[in-house]
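**Student:** First, the structure itself, so that you have it in front of you.
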Amino acid sequence: MSTILVFAEHGAGTVRRASLECIAAAKATGSDVVAIVTGQGATDAAESLGNHGASRVVCLTGADQYSPDATGVDIAAVACDLGVRGFLAAATSTGKDLAPRVAMHLDSVLFSDCTGLEAAGDSFKISRPWLAGKAIANCTSTGPVFCATTRLNSFATNEVGGTAEVSERPASTDGKVIVTGITAKEGGKLDVAEAPIVVSGGRGLKEPEGFKIIEDLAEALGNTAVGASRAVVDAGWRPHSEQVGQTGKVVSPGLYIAVGISGAIQHIAGMKTSGVIVAINKDPDAPIFKLADYGIVGDAFEVVPALTAAVKELMATA
Amino acid sequence: MNIVACIKRVPTTDAQAKVNADGKSLDTSGFQYMTSFYDEIAVEEAIKTKEAHGGEVTVLTVGPTEGTKEVRECIAKGADGGVILTDPDWGQRDNLSTAKVLAARLSEMGAELAFFGKVATDRDNNAVGAMTATKLGWACVTDVIELSLADGRGTAKRESESGVESVEFSLPAIITCDKGLNEPRYAGLKGIMAAKKKPLEEAQFENVPNQIEVESLELPAPRKEGRIVGEGPEAVAALIDALRNEAKVL
Ligand SMILES: Cc1cc2nc3c(=O)[nH]c(=O)nc-3n(C[C@H](O)[C@H](O)[C@H](O)COP(=O)(O)OP(=O)(O)OC[C@H]3O[C@@H](n4cnc5c(N)ncnc54)[C@H](O)[C@@H]3O)c2cc1C
């Protein structure tokens with residue numbers, strides 16, 4: 001059986017959902033999965049990984065501050081020691097930063113943001129978007145180790161009820177890049193790429209204050225991130241971290257609600273793989289309606305508050 | 001400082017994908033091209049760094065000969081020269097081999113600091129900057145939204161899912177640039193005229209094998225036909241009903 005090494009990210013010991021998706025994707029190929037974790041709380045994180053499909057967990061210990069280049073060296077060393085056939089990380093900001101370093105150490109090409117992964121002989125086959133998802137490429141690699149990152153919300157997580165054998169390995173501490181601190185998002189806000197539901201607003205909201213109705217709807221839905229079109233990010237109404245699209249984030253939530261967004265090709269590139277798409281726009285000819293599963297033609301300032309009230313009522317009775 | 005801005009020529013973001021008859025390559029016949037969005041930010045940061053700390057900026061690309069157009073456009077903004085490594089296999093070239101080619105050239109040029117876009121908007125790899133730095137044994141900070149340099153070291157801010165990370169690093173380094181780092185300037189007429197006289201070297205490189213094999217390329221399945229559930233706030237009940245009972249997402 002081939003072995004896949006998966007970098008598992010965690011916050012204070014709680015493994016990120018994106019990493020659990022990645023482990024499940026690796027496991028689904030029929031491979032043996034070894035997870036690698038680092039940072040404070042790594043041993044706590046290690047315990048939950050067995051349940052999600054890892055047979056072994058390697059904890060990198062002793063580094064007080066995260067260094068992506070040092071971690072890349074450590075992961076590549078573990079990959080070589082174990083003779084793995086594959087290396088995977090979730091396509092989070094940290095994963096996308098780390099995976100190319102590991103891939104170069106392993107002299108292997110990197111497949112980023114994969115939406116499909118399957119076994120092919122003693123290697124693997126992936127599917128991944130090109131041109132912001134306008135085309136899907138199915139690829140293999142002739143490289144020594146199959147390196148890839150998995151797109152968020154593209155693979156289901158899986159609980160298999162196992163326990164993993166945990167081992168420790170001292171982390172390298174000679175990194176050239178050190179993360180010295182992190183300013184957390186206010187109120188633990190969800191990232192638009194990770195959230196299961198996204199409510200996005202565009203120029204149709206008229207002014208920055210117009211986003212109040214978007215935030216209220218997001219809060220009523222719960223577990224929801226606010227997104228934005230580039231037009232309103234460029235206007236300075238919303239931060240770039242919320243931009244959805246070809247030059248923002250590519251999101252694939254279960255439910256995407258676009259309010260006052262026309263549906264330009266660059267915006268659509270960032271959200272068209274969402275599970276269910278709802279559009280609210282006063283222009284019945286807006287291109288976003290061509291993509292949407294459900295549309296309401298109307299003024300956002302009338303429709304959205306009514307929707308928020310209806311959602312609140314629903315949540316109260318549920 | 002010897003500063004390099006690495007750019008890539010990519011199809012414009014309004015390009016529509018069509019697959020060639022071979023079933024595994026893109027029909028690029030109708031494509032127009034531009035410098036990748038984030039690479040414009042890289043060029044701007046390189047020029048700003050020169051303005052603040054002195055030095056020279058070279059624009060570097062691996063690409064088809066036609067890419068001299070994008071290199072010239074970037075030089076016109078205030079760079080001192082350009083290098084295009086002409087690639088007969090461009091289009092097939094993967095991130096690993098691109099990074100090796102760039103690393104070899106950066107080291108030959110004696111570069112101390114190189115700026116890349118965080119991702120090229122064609123293959124969307126987010127990989128070449130960090131791979132190149134790893135090959136060179138340099139520091140690399142990706143997705144940078146704030147940067148300052150002093151005394152052979154730098155500090156930067158980058159955005160992750162959990163918030164904004166503060167990072168310290170040593171030089172030489174590769175910085176991959178995210179939106180928000182700066183506002184790219186436009187090339188003025190003076191810059192465009194001056195760029196015509198600045199050196200633009202077209203060079204070959206020693207080929208490095210690709211590892212990617214594209215088995216097939218497909219267009220994404222079209223989404224199933226949707227519908228307008230109604231007009232105005234009265235339609236909310238119908239929407240809630242559809243989301244709950246049909247789509248089952250609420
Ligand atoms: C290189 C490049 C990269 C780009 N990258 C991105 C990207 O990543 N993401 C992105 O989003 N865009 C991107 N764009 C920009 C894109 O082309 C569009 O300009 C942008 O998406 C438009 O934003 P919008 O839909 O908010 O605004 P508009 O196109 O102005 O649409 C506003 C919509 O609001 C509706 N409206 C107005 N008032 C109301 C009301 N009261 N109630 C309800 N609806 C109302 C209108 O009918 C209209 O449909 C990019 C462009 C380029 C050239």
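Going by the structure tokens order, chains are called A, B, ..., each with residues numbered from 1, while ligands are numbered from 1 in the order shown.
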Which residues are near ligand 1 - at most 9 Å, using only C-alpha atoms and all ligand atoms? Format: as a ChimeraX atom specification.
**Tutor:** /A:201-206,228-233,243-250,258-270,280-288,297-303 /B:12-14,34,36-37,121
**Student:** Would you list the contacts of range 96-102 of chain A as a ChimeraX atom specification, taking every protein, DNA or RNA residue within 8 Å and counting only C-alpha atoms, but skipping same-chain residues closer than 2 positions in sequence?
**Tutor:** /A:68-69,71-73,75-76,88-94,104-106,110,112,147-149 /B:126-128,130-131,134,142
**Student:** Using only C-alpha atoms, which residue out of B:Thr58, B:Val164, B:Asp124, B:Lys100 lies closest to Gly82 in chain B?
**Tutor:**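 Selected residue with least distance to Gly82 in chain B: B:Thr58.
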**Student:** I need the residue nearest Gly62 in chain A from this list: A:Ala171, A:Ile182, A:Ile4, A:Val109. Use only C-alpha atoms for the distance.
**Tutor:** A:Ala171
**Student:** One decimal, in Å: what's the spacing between CA of Ser148 in chain B and CA of His240 in chain A?
**Tutor:** 20.2 Å
**Student:** Nearest residue to chain B out of A:Leu49, A:Ala225, A:Val166, A:Leu307, using only C-alpha atoms?
**Tutor:** A:Leu307
**Student:** Using only C-alpha atoms, tabulate the residues of chain A lying at most 6 Å from any atom of chain B, each with its closest atom pair and that distance in Å to one decimal, by chain and increasing residue number, as a tab-separated table.
**Tutor:**
```
residue	atom	partner	partner_atom	distance
A:Ser93	CA	B:Ser160	CA	5.1
A:Pro100	CA	B:Met131	CA	5.2
A:Arg101	CA	B:Met131	CA	5.4
A:Met104	CA	B:Met131	CA	5.6
A:Val109	CA	B:Leu96	CA	4.9
A:Ser112	CA	B:Asn125	CA	5.3
A:Trp130	CA	B:Arg123	CA	5.0
A:Leu131	CA	B:Asp122	CA	4.5
A:Lys134	CA	B:Ala17	CA	5.8
A:Ala135	CA	B:Leu219	CA	4.6
A:Ile136	CA	B:Glu218	CA	5.2
A:Ala137	CA	B:Leu217	CA	4.5
A:Asn138	CA	B:Ser216	CA	5.2
A:Cys139	CA	B:Val214	CA	4.4
A:Thr140	CA	B:Glu213	CA	5.2
A:Ser141	CA	B:Ile212	CA	4.7
A:Thr142	CA	B:Gln211	CA	4.9
A:Gly143	CA	B:Gln211	CA	5.5
A:Lys176	CA	B:Ala139	CA	5.2
A:Val177	CA	B:Phe169	CA	4.4
A:Ile178	CA	B:Glu168	CA	5.3
A:Val179	CA	B:Val167	CA	4.4
A:Thr180	CA	B:Val167	CA	5.6
A:Gly181	CA	B:Ser166	CA	5.1
A:Ile182	CA	B:Glu165	CA	4.3
A:Thr183	CA	B:Val164	CA	5.1
A:Ala184	CA	B:Gly163	CA	4.4
A:Lys185	CA	B:Gly163	CA	4.8
A:Asp191	CA	B:Glu161	CA	5.4
A:Ala292	CA	B:Gly226	CA	5.6
A:Asp293	CA	B:Gly226	CA	3.8
A:Tyr294	CA	B:Arg227	CA	5.2
A:Gly295	CA	B:Ile228	CA	4.3
A:Ile296	CA	B:Gly230	CA	5.4
A:Val297	CA	B:Glu231	CA	4.7
A:Gly298	CA	B:Gly232	CA	4.5
A:Glu302	CA	B:Pro233	CA	5.9
A:Val303	CA	B:Pro233	CA	4.3
A:Ala306	CA	B:Pro233	CA	5.9
A:Leu307	CA	B:Val236	CA	5.7
```
**Student:** Please write the residues from the selection above to a file, keeping N, CA and C atoms, as a tab-separated table (two decimals), in the first residue's frame.
**Tutor:**
```
chain	number	residue	atom	x	y	z
A	93	SER	N	-4.27	29.30	3.21
A	93	SER	CA	-3.17	30.23	3.05
A	93	SER	C	-1.85	29.60	3.51
A	100	PRO	N	4.54	24.37	-1.88
A	100	PRO	CA	5.55	24.52	-2.92
A	100	PRO	C	6.98	24.31	-2.41
A	101	ARG	N	7.19	24.66	-1.14
A	101	ARG	CA	8.52	24.48	-0.56
A	101	ARG	C	8.82	22.99	-0.44
A	104	MET	N	9.42	21.42	-3.89
A	104	MET	CA	10.75	21.67	-4.45
A	104	MET	C	11.80	20.80	-3.75
A	109	VAL	N	6.71	18.33	-9.00
A	109	VAL	CA	5.77	19.37	-9.41
A	109	VAL	C	4.65	19.43	-8.37
A	112	SER	N	-1.92	22.46	-7.47
A	112	SER	CA	-2.57	23.31	-6.48
A	112	SER	C	-4.08	23.25	-6.62
A	130	TRP	N	-8.24	25.16	-14.26
A	130	TRP	CA	-7.36	26.08	-14.98
A	130	TRP	C	-8.17	27.34	-15.27
A	131	LEU	N	-7.51	28.44	-15.49
A	131	LEU	CA	-8.19	29.69	-15.83
A	131	LEU	C	-9.37	29.93	-14.90
A	134	LYS	N	-12.48	27.88	-15.56
A	134	LYS	CA	-13.13	27.86	-16.86
A	134	LYS	C	-12.88	26.53	-17.56
A	135	ALA	N	-11.82	25.84	-17.15
A	135	ALA	CA	-11.56	24.49	-17.65
A	135	ALA	C	-11.04	23.64	-16.49
A	136	ILE	N	-11.25	22.32	-16.61
A	136	ILE	CA	-10.77	21.39	-15.59
A	136	ILE	C	-9.75	20.47	-16.24
A	137	ALA	N	-8.55	20.42	-15.66
A	137	ALA	CA	-7.50	19.55	-16.20
A	137	ALA	C	-7.38	18.30	-15.35
A	138	ASN	N	-7.30	17.16	-16.03
A	138	ASN	CA	-7.06	15.89	-15.34
A	138	ASN	C	-5.61	15.51	-15.61
A	139	CYS	N	-4.82	15.41	-14.55
A	139	CYS	CA	-3.36	15.29	-14.72
A	139	CYS	C	-2.77	14.17	-13.89
A	140	THR	N	-1.62	13.70	-14.37
A	140	THR	CA	-0.76	12.83	-13.58
A	140	THR	C	0.61	13.47	-13.57
A	141	SER	N	1.51	12.87	-12.82
A	141	SER	CA	2.85	13.43	-12.74
A	141	SER	C	3.87	12.31	-12.87
A	142	THR	N	4.99	12.65	-13.48
A	142	THR	CA	6.09	11.69	-13.58
A	142	THR	C	7.10	11.94	-12.47
A	143	GLY	N	6.77	12.85	-11.56
A	143	GLY	CA	7.69	13.21	-10.49
A	143	GLY	C	7.83	12.13	-9.44
A	176	LYS	N	14.45	30.88	7.92
A	176	LYS	CA	14.79	32.23	7.44
A	176	LYS	C	13.58	33.15	7.52
A	177	VAL	N	12.42	32.54	7.66
A	177	VAL	CA	11.16	33.30	7.77
A	177	VAL	C	10.49	32.85	9.06
A	178	ILE	N	10.13	33.81	9.90
A	178	ILE	CA	9.51	33.47	11.18
A	178	ILE	C	8.21	34.25	11.30
A	179	VAL	N	7.14	33.55	11.63
A	179	VAL	CA	5.87	34.24	11.92
A	179	VAL	C	5.93	34.67	13.38
A	180	THR	N	5.97	35.98	13.59
A	180	THR	CA	6.18	36.48	14.96
A	180	THR	C	4.87	36.78	15.67
A	181	GLY	N	3.80	36.89	14.94
A	181	GLY	CA	2.53	37.17	15.60
A	181	GLY	C	1.38	37.10	14.64
A	182	ILE	N	0.18	37.06	15.20
A	182	ILE	CA	-0.99	37.05	14.35
A	182	ILE	C	-2.09	37.87	14.99
A	183	THR	N	-2.65	38.78	14.19
A	183	THR	CA	-3.79	39.57	14.68
A	183	THR	C	-5.03	38.87	14.19
A	184	ALA	N	-5.75	38.27	15.14
A	184	ALA	CA	-6.91	37.45	14.76
A	184	ALA	C	-8.02	38.33	14.20
A	185	LYS	N	-8.83	37.73	13.34
A	185	LYS	CA	-10.01	38.43	12.82
A	185	LYS	C	-10.92	38.80	13.97
A	191	ASP	N	-13.57	32.87	7.58
A	191	ASP	CA	-12.99	33.27	6.31
A	191	ASP	C	-13.94	32.87	5.17
A	292	ALA	N	-27.64	31.40	-11.29
A	292	ALA	CA	-28.27	31.14	-10.00
A	292	ALA	C	-29.29	30.00	-10.08
A	293	ASP	N	-29.38	29.23	-9.00
A	293	ASP	CA	-30.42	28.22	-8.89
A	293	ASP	C	-31.75	28.90	-8.58
A	294	TYR	N	-31.70	29.91	-7.71
A	294	TYR	CA	-32.91	30.64	-7.34
A	294	TYR	C	-32.62	32.12	-7.38
A	295	GLY	N	-33.52	32.87	-7.97
A	295	GLY	CA	-33.33	34.31	-8.04
A	295	GLY	C	-34.55	35.06	-7.53
A	296	ILE	N	-34.29	36.21	-6.95
A	296	ILE	CA	-35.38	37.15	-6.66
A	296	ILE	C	-35.03	38.46	-7.34
A	297	VAL	N	-35.95	38.94	-8.17
A	297	VAL	CA	-35.76	40.23	-8.81
A	297	VAL	C	-36.35	41.28	-7.87
A	298	GLY	N	-35.50	42.19	-7.43
A	298	GLY	CA	-36.03	43.21	-6.53
A	298	GLY	C	-34.95	44.04	-5.91
A	302	GLU	N	-35.15	46.02	0.16
A	302	GLU	CA	-36.47	45.50	0.56
A	302	GLU	C	-36.40	43.99	0.76
A	303	VAL	N	-35.72	43.31	-0.16
A	303	VAL	CA	-35.74	41.84	-0.16
A	303	VAL	C	-34.89	41.27	0.99
A	306	ALA	N	-36.30	41.34	4.54
A	306	ALA	CA	-37.40	40.38	4.63
A	306	ALA	C	-36.86	38.95	4.74
A	307	LEU	N	-35.79	38.69	3.98
A	307	LEU	CA	-35.17	37.36	4.02
A	307	LEU	C	-34.56	37.11	5.40
```
**Student:** Write out as an MDAnalysis selection string the set of residues from range 48-149 of chain B that DSSP, computed on the backbone, places in alpha helix (DSSP H).
**Tutor:** chainID B and resid 48:53 68:75 95:109 128:136
**Student:** May I have the residues within 7 Å of Gly116 in chain A as a list in words, using only C-alpha atoms and disregarding those fewer than 5 positions away in the same chain?
**Tutor:** Ile126, Ser127 and Arg128 of chain A
**Student:** Mind writing the picked residues with C-alpha atoms as a PDB file, in the first residue's frame?
**Tutor:**
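selection-v6.pdb was written with the following content:
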```pdb
ATOM      1  CA  ILE A 126      -5.861  14.746  -9.929  1.00  0.00           C
ATOM      2  CA  SER A 127      -8.422  17.154 -11.330  1.00  0.00           C
ATOM      3  CA  ARG A 128      -7.825  20.835 -10.944  1.00  0.00           C
TER       4      ARG A 128
END
```
**Student:** Can you pull out the residues contacting Asp32 in chain A? Cut-off 7 Å, using only C-alpha atoms, and skip same-chain residues under 4 positions away; I want them as a list in words.
**Tutor:** Met1, Ser2, Thr3, Ile4, Lys27 and Ser55 of chain A
**Student:** Could the residues in this selection be saved with all heavy atoms as a short mmCIF file (atom, residue, chain, number, x, y, z; two decimals), in the first residue's frame?
**Tutor:**
```cif
data_model
loop_
_atom_site.label_atom_id
_atom_site.label_comp_id
_atom_site.auth_asym_id
_atom_site.auth_seq_id
_atom_site.Cartn_x
_atom_site.Cartn_y
_atom_site.Cartn_z
N MET A 1 0.85 -1.20 0.00
CA MET A 1 0.00 0.00 0.00
C MET A 1 0.88 1.25 0.00
O MET A 1 1.87 1.31 0.71
CB MET A 1 -0.88 -0.01 1.26
CG MET A 1 -2.07 0.92 1.13
SD MET A 1 -2.94 1.26 2.68
CE MET A 1 -3.14 -0.30 3.45
N SER A 2 0.49 2.22 -0.81
CA SER A 2 1.30 3.44 -0.82
C SER A 2 0.92 4.33 0.36
O SER A 2 -0.18 4.24 0.91
CB SER A 2 1.11 4.18 -2.14
OG SER A 2 -0.24 4.50 -2.32
N THR A 3 1.84 5.18 0.73
CA THR A 3 1.61 6.06 1.87
C THR A 3 1.53 7.50 1.39
O THR A 3 2.31 7.93 0.55
CB THR A 3 2.78 5.92 2.87
OG1 THR A 3 2.86 4.56 3.27
CG2 THR A 3 2.57 6.79 4.09
N ILE A 4 0.58 8.24 1.94
CA ILE A 4 0.48 9.68 1.68
C ILE A 4 0.72 10.43 2.97
O ILE A 4 0.14 10.09 4.01
CB ILE A 4 -0.91 10.06 1.11
CG1 ILE A 4 -1.17 9.36 -0.23
CG2 ILE A 4 -1.01 11.58 0.92
CD1 ILE A 4 -2.51 9.73 -0.87
N LYS A 27 -7.16 9.32 2.20
CA LYS A 27 -7.61 8.00 2.64
C LYS A 27 -8.45 7.33 1.55
O LYS A 27 -8.35 6.12 1.33
CB LYS A 27 -8.43 8.18 3.93
CG LYS A 27 -8.86 6.93 4.61
CD LYS A 27 -7.74 6.31 5.41
CE LYS A 27 -8.17 4.96 5.95
NZ LYS A 27 -7.00 4.13 6.31
N SER A 55 -3.24 6.84 10.18
CA SER A 55 -2.79 5.69 10.96
C SER A 55 -1.63 6.08 11.86
O SER A 55 -1.40 5.48 12.90
CB SER A 55 -2.39 4.53 10.05
OG SER A 55 -1.20 4.88 9.35
#
```
**Student:** To one decimal place, how far is CA of Val145 in chain A from CA of Ala70 in chain A in Å?
**Tutor:**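 Between CA of Val145 in chain A and CA of Ala70 in chain A the gap is 19.5 Å.
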**Student:** Using only C-alpha atoms, pick whichever of A:Thr273, A:Ser108, A:Ser167, A:Thr317 has the shortest atom-to-atom distance to Pro209 in chain B.
**Tutor:** A:Ser108
**Student:** Nearest to Pro88 in chain B among B:Leu113, B:Val62, B:Leu106, B:Ala150, with distances taken over only C-alpha atoms: which residue is it?
**Tutor:** B:Val62
**Student:** Please list as a VMD selection string every residue within 8 Å of Ala42 in chain B, counting only C-alpha atoms and excluding residues in the same chain fewer than 6 positions away.
**Tutor:** chain B and resid 5 to 7 115 to 117 176 to 177
**Student:** May I have the residues from that selection written out with all heavy atoms, as a compact mmCIF listing (two decimals), in the first residue's frame?
**Tutor:**
```
# COMPACT_ATOMS: atom_id res chain seq x y z
N ALA B 5 11.79 41.77 -10.76
CA ALA B 5 10.35 41.51 -10.71
C ALA B 5 10.05 40.43 -11.73
O ALA B 5 10.34 40.59 -12.91
CB ALA B 5 9.57 42.78 -11.03
N CYS B 6 9.51 39.30 -11.27
CA CYS B 6 9.19 38.19 -12.17
C CYS B 6 7.73 38.28 -12.58
O CYS B 6 6.84 38.40 -11.73
CB CYS B 6 9.47 36.86 -11.49
SG CYS B 6 11.23 36.59 -11.24
N ILE B 7 7.49 38.23 -13.87
CA ILE B 7 6.12 38.38 -14.37
C ILE B 7 5.77 37.23 -15.30
O ILE B 7 6.63 36.53 -15.81
CB ILE B 7 5.92 39.72 -15.12
CG1 ILE B 7 6.71 39.73 -16.43
CG2 ILE B 7 6.32 40.91 -14.24
CD1 ILE B 7 6.20 40.75 -17.44
N PHE B 115 10.57 40.00 -6.59
CA PHE B 115 9.13 40.08 -6.34
C PHE B 115 8.41 39.25 -7.39
O PHE B 115 8.71 39.33 -8.58
CB PHE B 115 8.66 41.53 -6.42
CG PHE B 115 9.22 42.40 -5.32
CD1 PHE B 115 10.37 43.15 -5.53
CD2 PHE B 115 8.59 42.44 -4.09
CE1 PHE B 115 10.88 43.94 -4.51
CE2 PHE B 115 9.10 43.23 -3.06
CZ PHE B 115 10.25 43.99 -3.27
N PHE B 116 7.44 38.46 -6.93
CA PHE B 116 6.56 37.69 -7.80
C PHE B 116 5.12 38.07 -7.46
O PHE B 116 4.84 38.52 -6.36
CB PHE B 116 6.69 36.17 -7.51
CG PHE B 116 7.97 35.51 -7.97
CD1 PHE B 116 9.20 35.91 -7.50
CD2 PHE B 116 7.91 34.41 -8.83
CE1 PHE B 116 10.37 35.27 -7.90
CE2 PHE B 116 9.07 33.76 -9.23
CZ PHE B 116 10.30 34.20 -8.77
N GLY B 117 4.19 37.83 -8.37
CA GLY B 117 2.78 37.87 -8.00
C GLY B 117 2.49 36.65 -7.16
O GLY B 117 3.17 35.63 -7.28
N THR B 176 6.14 37.27 -2.53
CA THR B 176 5.04 37.17 -3.49
C THR B 176 3.93 38.12 -3.04
O THR B 176 3.61 38.21 -1.86
CB THR B 176 4.52 35.72 -3.69
OG1 THR B 176 3.58 35.39 -2.68
CG2 THR B 176 5.66 34.70 -3.73
N CYS B 177 3.42 38.88 -4.00
CA CYS B 177 2.63 40.07 -3.70
C CYS B 177 1.13 39.83 -3.82
O CYS B 177 0.67 39.24 -4.81
CB CYS B 177 3.03 41.20 -4.64
SG CYS B 177 4.80 41.55 -4.57
```
**Student:** Using only C-alpha atoms, which of A:Ser274, A:Ser48, A:Thr61, A:Thr224 sits nearest Glu168 in chain A?
**Tutor:**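 Under the stated criterion, the closest residue is A:Thr61.
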**Student:** Can you list, as a count of residues only, every residue of range 144-268 of chain A that DSSP puts in strand (DSSP E or B)?
**Tutor:** 37
**Student:** Which residues are near Val59 in chain B? Cut-off 7 Å, only C-alpha atoms, ignore same chain within fewer than 2 positions. Put them as a compact mmCIF listing (two decimals) with N, CA and C atoms, in the first residue's frame.
**Tutor:**
```
# COMPACT_ATOMS: atom_id res chain seq x y z
N VAL B 4 14.68 42.18 -8.77
CA VAL B 4 14.07 41.59 -9.96
C VAL B 4 12.57 41.46 -9.73
N ALA B 5 11.79 41.77 -10.76
CA ALA B 5 10.35 41.51 -10.71
C ALA B 5 10.05 40.43 -11.73
N CYS B 6 9.51 39.30 -11.27
CA CYS B 6 9.19 38.19 -12.17
C CYS B 6 7.73 38.28 -12.58
N VAL B 57 16.14 47.70 -11.10
CA VAL B 57 15.07 46.73 -11.23
C VAL B 57 15.12 46.10 -12.62
N THR B 61 11.01 37.24 -17.21
CA THR B 61 9.90 36.32 -17.51
C THR B 61 10.41 35.10 -18.26
N VAL B 71 6.85 42.60 -21.06
CA VAL B 71 8.08 43.02 -20.37
C VAL B 71 8.31 44.51 -20.61
N ILE B 75 8.65 47.53 -17.96
CA ILE B 75 9.84 48.40 -17.91
C ILE B 75 9.40 49.86 -17.95
N ALA B 79 11.21 50.32 -14.53
CA ALA B 79 12.29 49.35 -14.37
C ALA B 79 13.46 49.74 -15.27
N GLY B 81 15.49 47.46 -17.01
CA GLY B 81 15.74 46.56 -18.12
C GLY B 81 14.92 45.30 -17.95
N GLY B 82 15.02 44.43 -18.96
CA GLY B 82 14.24 43.20 -18.88
C GLY B 82 14.96 42.02 -19.48
N VAL B 83 14.54 40.83 -19.06
CA VAL B 83 15.08 39.60 -19.63
C VAL B 83 13.90 38.68 -19.93
```
